[in-house]
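Shown next, in structure tokens, is the structure this report addresses.
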Amino acid sequence: MKIPLAELVLSSLGSSVNADMPTHRRIFELIRQAILNHQLQGGSKLPSSRNLALEIGCSRNTVIAAYEQLLAEGFVEARIGSGTVVADTLPSFALDNIQQVDDEAFSALPRALSVRGERLTHSPSDKNFEIQEFIQGANDFSVFPYKIWQKLQNKAWREPQSAFMDYARLGGYAPLKEVLAEYLRVSRSVRCEPEQILITAGTQQSLDLCANLLADANDMVWMENPGYWGARRVFESNDLHLRPIEVDNDGICPTPADLQTAPRLIYVTPSHQYPLDVVMSLTRRRLLLEYAASVGAWILEDDYDSEFRYKGRPIASLQGLDHHNRVIYCGTFSKVLYPGIRIGYMVVPQDLIEPFRTGLADIHRPGQMAVQAALADFIQQGHFTTHVRNVRARYGQSRALLQHTLQNQLLSTTRLSNADAGLHLVIHLPDFCDDVKLAAEARLQQIDIRPLSAYYVAPPVTRGVVVGYGYMPLEQIVPAATRLADLVNRHMVMSHQPVLV
């Protein structure tokens with residue numbers, strides 16, 4: 001037996017559900033839900049607005065407002081001579097071919113992510129692998145020139161261009177690309193013209209664009225092993241086949257067997273290997289460039305923190321040595337300015353400019369032109385150079401304090417990475433240590449370090465922990481490093497204890 005509409009509405013109006021909603025909206029929701037639940041079938045006639053209002057004890061205008069909303073959204077129809085009837089929201093042929101599913105059966109239907117989705121999201125990489133300062137909650141962005149940056153952003157909007165409101169269809173704000181080309185030529189020995197630069201939302205987007213435009217599903221990509229988790233996630237999301245290539249003190253080190261399996265892409269961090277903290281040698285750079293040219297591979301150079309070199313000038317880019325136009329150079333402002341700016345850039349060979357502009361516009365729909373304008377002024381007016389000099393001095397102090405404290409307090413069986421660059425270093429541990437367990441123990445003491453073994457695609461070659469120190473208050477470095485050294489020492493002693501039987 002079907003429940004009369006007035007009774008259905010009255011029984012639900014008295015509940016506290018959605019009590020703060022206007023009455024006409026509650027009536028609309030109740031009738032709408034009854035239609036979706038098949039309590040009111042297609043063709044069923046609704047009582048007139050006058051009769052329903054009398055039966056449920058409200059004004060006619062309230063019911064009319066509910067009916068009008070049902071009509072506007074297609075749940076009912078107004079038929080001449082028939083009044084208001086429930087619309088046939090599913091055609092009859094569809095009803096004949098769609099099996100009605102009750103709630104219990106519906107809950108048993110597969111609703112999981114795709115296989116790729118499960119693989120990509122089973123463990124949040126940014127939480128597990130992103131290198132942060134090693135004292136939790138100790139972010140310090142005080143070195144950043146807030147007032148100057150705010151003034152430049154305000155200037156951009158005081159003198160707005162129509163382009164600021166549109167997509168960045170030509171690969172970014174032209175004045176930013178001009179000053180960036182000059183900066184890269186001088187500071188990184190990158191060979192480029194402004195039109196070769198594309199402004200992206202960071203390195204992840206740059207790598208994703210390369211994976212989309214230069215490789216097909218199941219193509220091979222060489223990954224440094226250990227290597228950057230973010231690049232690995234990008235390549236996995238594009239269904240590329242990862243081949244881990246070992247890293248030694250000279251950088252990526254392909255074996256003869258590796259050289260026999262030509263990749264489509266080669267991803268490297270040559271100026272400061274992530275996370276091992278080594279610099280790729282000139283010999284290895286030349287080998288990589290000649291090999292890529294011989295097999296038609298593309299080298300993706302991730303120059304993520306080149307500004308943070310504390311002794312001598314920054315290492316020249318791999319792209320600057322490339323005479324075959326096989327290197328795509330990627331950089332970012334997220335490390336040197338602040339993470340949330342989400343502005344990166346890539347330098348592509350001349351014959352890839354138009355395809356990459358099109359791909360960036362069609363796939364990612366870039367914008368943020370006003371922020372790019374402020375950044376162009378920031379660089380043009382010399383603020384960027386001053387800021388780099390300030391943060392380099394500040395983080396150089398942090399690294400020196402951290403190295404000095406750890407070297408004096410760690411047991412001799414450990415070894416510190418020795419590259420004078422970047423915002424992290426590695427404490428290499430003996431093979432008997434469990435770096436995953438050590439990182440978990442540290443987290444319980446509010447010390448945030450990363451197990452080196454977790455960065456390996458293939459089984460790990462060495463054990464250690466990765467320690468970040470960027471954005472940390474200087475006065476916290478020594479006491480925090482002392483606590484860390486004590487924790488590492490105790491872990492090594494306990495791990496090396498003989499097992500009693």
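In the structure tokens, chains take letters A, B, ... by order of appearance, with residues numbered from 1 within each chain and ligands from 1 in the order shown.
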
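Running DSSP on the backbone gives strand (DSSP E or B) for these residues within range 376-465 of chain A: Arg415, Leu416, Ala421, His424, Leu425, Val426, Ile427, His428, Leu429, Ile447, Arg450, Pro451, Arg463, Gly464 and Val465 of chain A.
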
Dump of C-alpha atoms for the selected residues, as a CSV table (one decimal), in the first residue's frame:
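To be explicit, this is the file written out as out20.csv:
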```csv
chain,number,residue,atom,x,y,z
A,415,ARG,CA,79.5,8.4,8.2
A,416,LEU,CA,78.0,11.8,7.2
A,421,ALA,CA,74.9,21.9,-0.6
A,424,HIS,CA,69.5,17.9,4.0
A,425,LEU,CA,72.3,15.5,4.8
A,426,VAL,CA,72.6,11.7,5.3
A,427,ILE,CA,73.8,9.8,8.3
A,428,HIS,CA,75.1,6.5,6.8
A,429,LEU,CA,74.6,3.6,9.2
A,447,ILE,CA,62.3,14.1,15.7
A,450,ARG,CA,63.5,9.6,6.9
A,451,PRO,CA,64.9,6.1,6.4
A,463,ARG,CA,71.2,2.0,5.4
A,464,GLY,CA,71.0,5.5,6.8
A,465,VAL,CA,68.7,8.3,7.7
```

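Distance annotation: of A:Ala53, A:Ile315, A:Leu282, A:Val371, the residue with the minimal separation from Ala201 in chain A is A:Val371; atom set is only C-alpha atoms.
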
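Of all the residues in range 294-356 of chain A, the ones DSSP labels as helix (DSSP H, G or I) from the backbone are A:Ser294, A:Val295, A:Gln319, A:Gly320, A:Leu321, A:Pro339, A:Gly340, A:Ile341, A:Gln350, A:Asp351, A:Leu352, A:Ile353, A:Glu354, A:Pro355, A:Phe356.
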
Could you write those residues out with all heavy atoms, as a short mmCIF file (atom, residue, chain, number, x, y, z; two decimals), in the first residue's frame?
```
data_model
loop_
_atom_site.label_atom_id
_atom_site.label_comp_id
_atom_site.auth_asym_id
_atom_site.auth_seq_id
_atom_site.Cartn_x
_atom_site.Cartn_y
_atom_site.Cartn_z
N SER A 294 72.68 8.62 -28.38
CA SER A 294 72.83 7.43 -29.22
C SER A 294 71.58 6.57 -29.26
O SER A 294 71.32 5.88 -30.25
CB SER A 294 74.02 6.59 -28.73
OG SER A 294 73.74 6.00 -27.46
N VAL A 295 70.77 6.61 -28.19
CA VAL A 295 69.57 5.75 -28.15
C VAL A 295 68.28 6.55 -28.27
O VAL A 295 67.18 5.98 -28.25
CB VAL A 295 69.54 4.90 -26.85
CG1 VAL A 295 70.74 4.00 -26.77
CG2 VAL A 295 69.41 5.80 -25.61
N GLN A 319 72.42 20.46 -18.67
CA GLN A 319 71.89 20.99 -19.92
C GLN A 319 72.91 21.84 -20.65
O GLN A 319 72.97 21.84 -21.89
CB GLN A 319 70.62 21.81 -19.61
CG GLN A 319 69.81 22.21 -20.83
CD GLN A 319 70.15 23.61 -21.34
OE1 GLN A 319 71.10 24.24 -20.90
NE2 GLN A 319 69.37 24.07 -22.30
N GLY A 320 73.75 22.58 -19.89
CA GLY A 320 74.75 23.43 -20.51
C GLY A 320 75.82 22.67 -21.25
O GLY A 320 76.53 23.23 -22.09
N LEU A 321 75.99 21.37 -20.97
CA LEU A 321 76.97 20.53 -21.65
C LEU A 321 76.38 19.78 -22.84
O LEU A 321 77.11 19.13 -23.59
CB LEU A 321 77.54 19.49 -20.67
CG LEU A 321 78.30 20.03 -19.46
CD1 LEU A 321 78.64 18.86 -18.52
CD2 LEU A 321 79.57 20.74 -19.88
N PRO A 339 57.54 27.06 -0.03
CA PRO A 339 56.92 25.92 -0.70
C PRO A 339 55.58 26.23 -1.36
O PRO A 339 55.28 25.73 -2.44
CB PRO A 339 56.75 24.89 0.43
CG PRO A 339 57.80 25.25 1.43
CD PRO A 339 57.93 26.74 1.37
N GLY A 340 54.78 27.08 -0.72
CA GLY A 340 53.44 27.32 -1.23
C GLY A 340 53.36 28.18 -2.47
O GLY A 340 52.28 28.34 -3.03
N ILE A 341 54.47 28.72 -2.96
CA ILE A 341 54.39 29.56 -4.15
C ILE A 341 54.01 28.75 -5.38
O ILE A 341 53.37 29.26 -6.30
CB ILE A 341 55.72 30.32 -4.39
CG1 ILE A 341 55.51 31.42 -5.44
CG2 ILE A 341 56.85 29.38 -4.79
CD1 ILE A 341 56.68 32.36 -5.59
N GLN A 350 64.45 23.70 -28.70
CA GLN A 350 63.68 24.55 -29.60
C GLN A 350 62.54 23.80 -30.30
O GLN A 350 61.44 24.31 -30.43
CB GLN A 350 64.61 25.16 -30.65
CG GLN A 350 65.54 26.26 -30.13
CD GLN A 350 64.84 27.59 -29.96
OE1 GLN A 350 63.70 27.75 -30.35
NE2 GLN A 350 65.54 28.56 -29.36
N ASP A 351 62.82 22.56 -30.75
CA ASP A 351 61.80 21.85 -31.52
C ASP A 351 60.67 21.30 -30.65
O ASP A 351 59.70 20.75 -31.18
CB ASP A 351 62.42 20.73 -32.36
CG ASP A 351 63.20 19.74 -31.52
OD1 ASP A 351 63.44 20.01 -30.33
OD2 ASP A 351 63.59 18.68 -32.05
N LEU A 352 60.78 21.45 -29.34
CA LEU A 352 59.70 21.00 -28.45
C LEU A 352 58.87 22.16 -27.90
O LEU A 352 57.91 21.93 -27.16
CB LEU A 352 60.28 20.20 -27.27
CG LEU A 352 60.91 18.84 -27.57
CD1 LEU A 352 61.37 18.19 -26.27
CD2 LEU A 352 59.94 17.93 -28.30
N ILE A 353 59.22 23.39 -28.26
CA ILE A 353 58.54 24.54 -27.66
C ILE A 353 57.04 24.51 -27.92
O ILE A 353 56.23 24.58 -26.98
CB ILE A 353 59.13 25.87 -28.19
CG1 ILE A 353 60.57 26.04 -27.71
CG2 ILE A 353 58.29 27.05 -27.73
CD1 ILE A 353 61.27 27.25 -28.31
N GLU A 354 56.64 24.42 -29.17
CA GLU A 354 55.22 24.47 -29.50
C GLU A 354 54.45 23.27 -28.95
O GLU A 354 53.36 23.43 -28.38
CB GLU A 354 55.01 24.62 -31.01
CG GLU A 354 55.35 26.00 -31.53
CD GLU A 354 54.62 27.11 -30.76
OE1 GLU A 354 53.41 26.94 -30.47
OE2 GLU A 354 55.25 28.13 -30.45
N PRO A 355 54.94 22.02 -29.12
CA PRO A 355 54.22 20.89 -28.53
C PRO A 355 54.06 21.02 -27.01
O PRO A 355 53.00 20.72 -26.47
CB PRO A 355 55.08 19.68 -28.90
CG PRO A 355 55.84 20.09 -30.10
CD PRO A 355 56.09 21.56 -29.93
N PHE A 356 55.10 21.51 -26.33
CA PHE A 356 55.01 21.62 -24.88
C PHE A 356 54.09 22.76 -24.46
O PHE A 356 53.39 22.66 -23.45
CB PHE A 356 56.41 21.77 -24.26
CG PHE A 356 57.02 20.46 -23.86
CD1 PHE A 356 57.39 19.52 -24.82
CD2 PHE A 356 57.19 20.14 -22.53
CE1 PHE A 356 57.94 18.31 -24.45
CE2 PHE A 356 57.73 18.93 -22.14
CZ PHE A 356 58.11 18.00 -23.11
#
```

Please, which residues in range 239-331 of chain A fall within 10 Å of range 178-195 of chain A when counting only C-alpha atoms, and what is the closest atom pair and distance in Å to one decimal for each, ordered by chain then residue number, as a tab-separated table?
```
residue	atom	partner	partner_atom	distance
A:Asp303	CA	A:Arg188	CA	9.5
A:Ser306	CA	A:Arg188	CA	8.2
A:Glu307	CA	A:Ser187	CA	8.8
A:Arg313	CA	A:Ser187	CA	8.3
A:Pro314	CA	A:Arg188	CA	6.9
A:Ile315	CA	A:Arg188	CA	7.1
A:Ala316	CA	A:Arg188	CA	5.1
A:Ser317	CA	A:Arg188	CA	5.5
A:Leu318	CA	A:Val190	CA	8.2
A:Gln319	CA	A:Val190	CA	6.0
A:Gly320	CA	A:Val190	CA	4.7
A:Leu321	CA	A:Val190	CA	8.6
A:Asp322	CA	A:Arg191	CA	9.0
A:His323	CA	A:Arg191	CA	10.0
A:Tyr329	CA	A:Val190	CA	8.4
A:Gly331	CA	A:Leu184	CA	9.8
```

- Item | Contacts of Gly83 in chain A at 8 Å (only C-alpha atoms; same-chain gap of 2+ positions) as a VMD selection string | chain A and resid 45 to 46 48 78 to 81 85

- Taken to one decimal, the CA of Arg309 in chain A-CA of Val388 in chain A distance is 10.4 Å

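Across A:Val63, A:Asp377, A:Val143, A:Asn218, the tightest approach to Arg389 in chain A is made by A:Val143 when counting only C-alpha atoms.
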
- Task: Find the residues around Glu246 in chain A up to 12 Å (only C-alpha atoms counted), leave out those fewer than 3 positions away in its own chain, and share them as a PyMOL selection string.
- Result: chain A and resi 222-227+243+249-255+258+268+273+276+455-462

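Among the candidates A:Val347, A:Ala211, A:Ile477, A:Ala439, the residue lying nearest to His404 in chain A is A:Ile477 (atoms considered: only C-alpha atoms).
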
- Message: Which residues are close to Leu71 in chain A, i.e. within 12 Å by only C-alpha atoms, leaving aside same-chain residues fewer than 3 positions away? Reply as a PyMOL selection string.
- Response: chain A and resi 28+31-32+46+64-68+74-79+83-87

- Task: Give me the residues within 10 Å of Pro160 in chain A as a PyMOL selection string, counting only C-alpha atoms and dropping any in the same chain fewer than 6 places off.
- Result: chain A and resi 154+370+373

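In this structure, CA of Gly230 in chain A sits 23.4 Å away from CA of Gly172 in chain A.
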
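Put simply, CA of His324 in chain A is 26.7 Å away from CA of Leu176 in chain A.
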
- Of the listed residues A:Ala485, A:Val391, A:Ala174, A:Ala19, that which approaches Gly470 in chain A most closely, counting only C-alpha atoms: A:Val391

- Query: Pick the closest to Tyr173 in chain A from A:Ile343, A:Ala393, A:Met494, A:Leu40: which is it, counting only C-alpha atoms?
  - Reply: A:Ile343

- Message: With only C-alpha atoms as the counted atoms, please give the residues lying no more than 12 Å from Ala361 in chain A, apart from itself and same-chain residues fewer than 3 positions off, as number ranges by chain.
- Response: A: 166-172, 198-200, 209, 354-358, 364-367
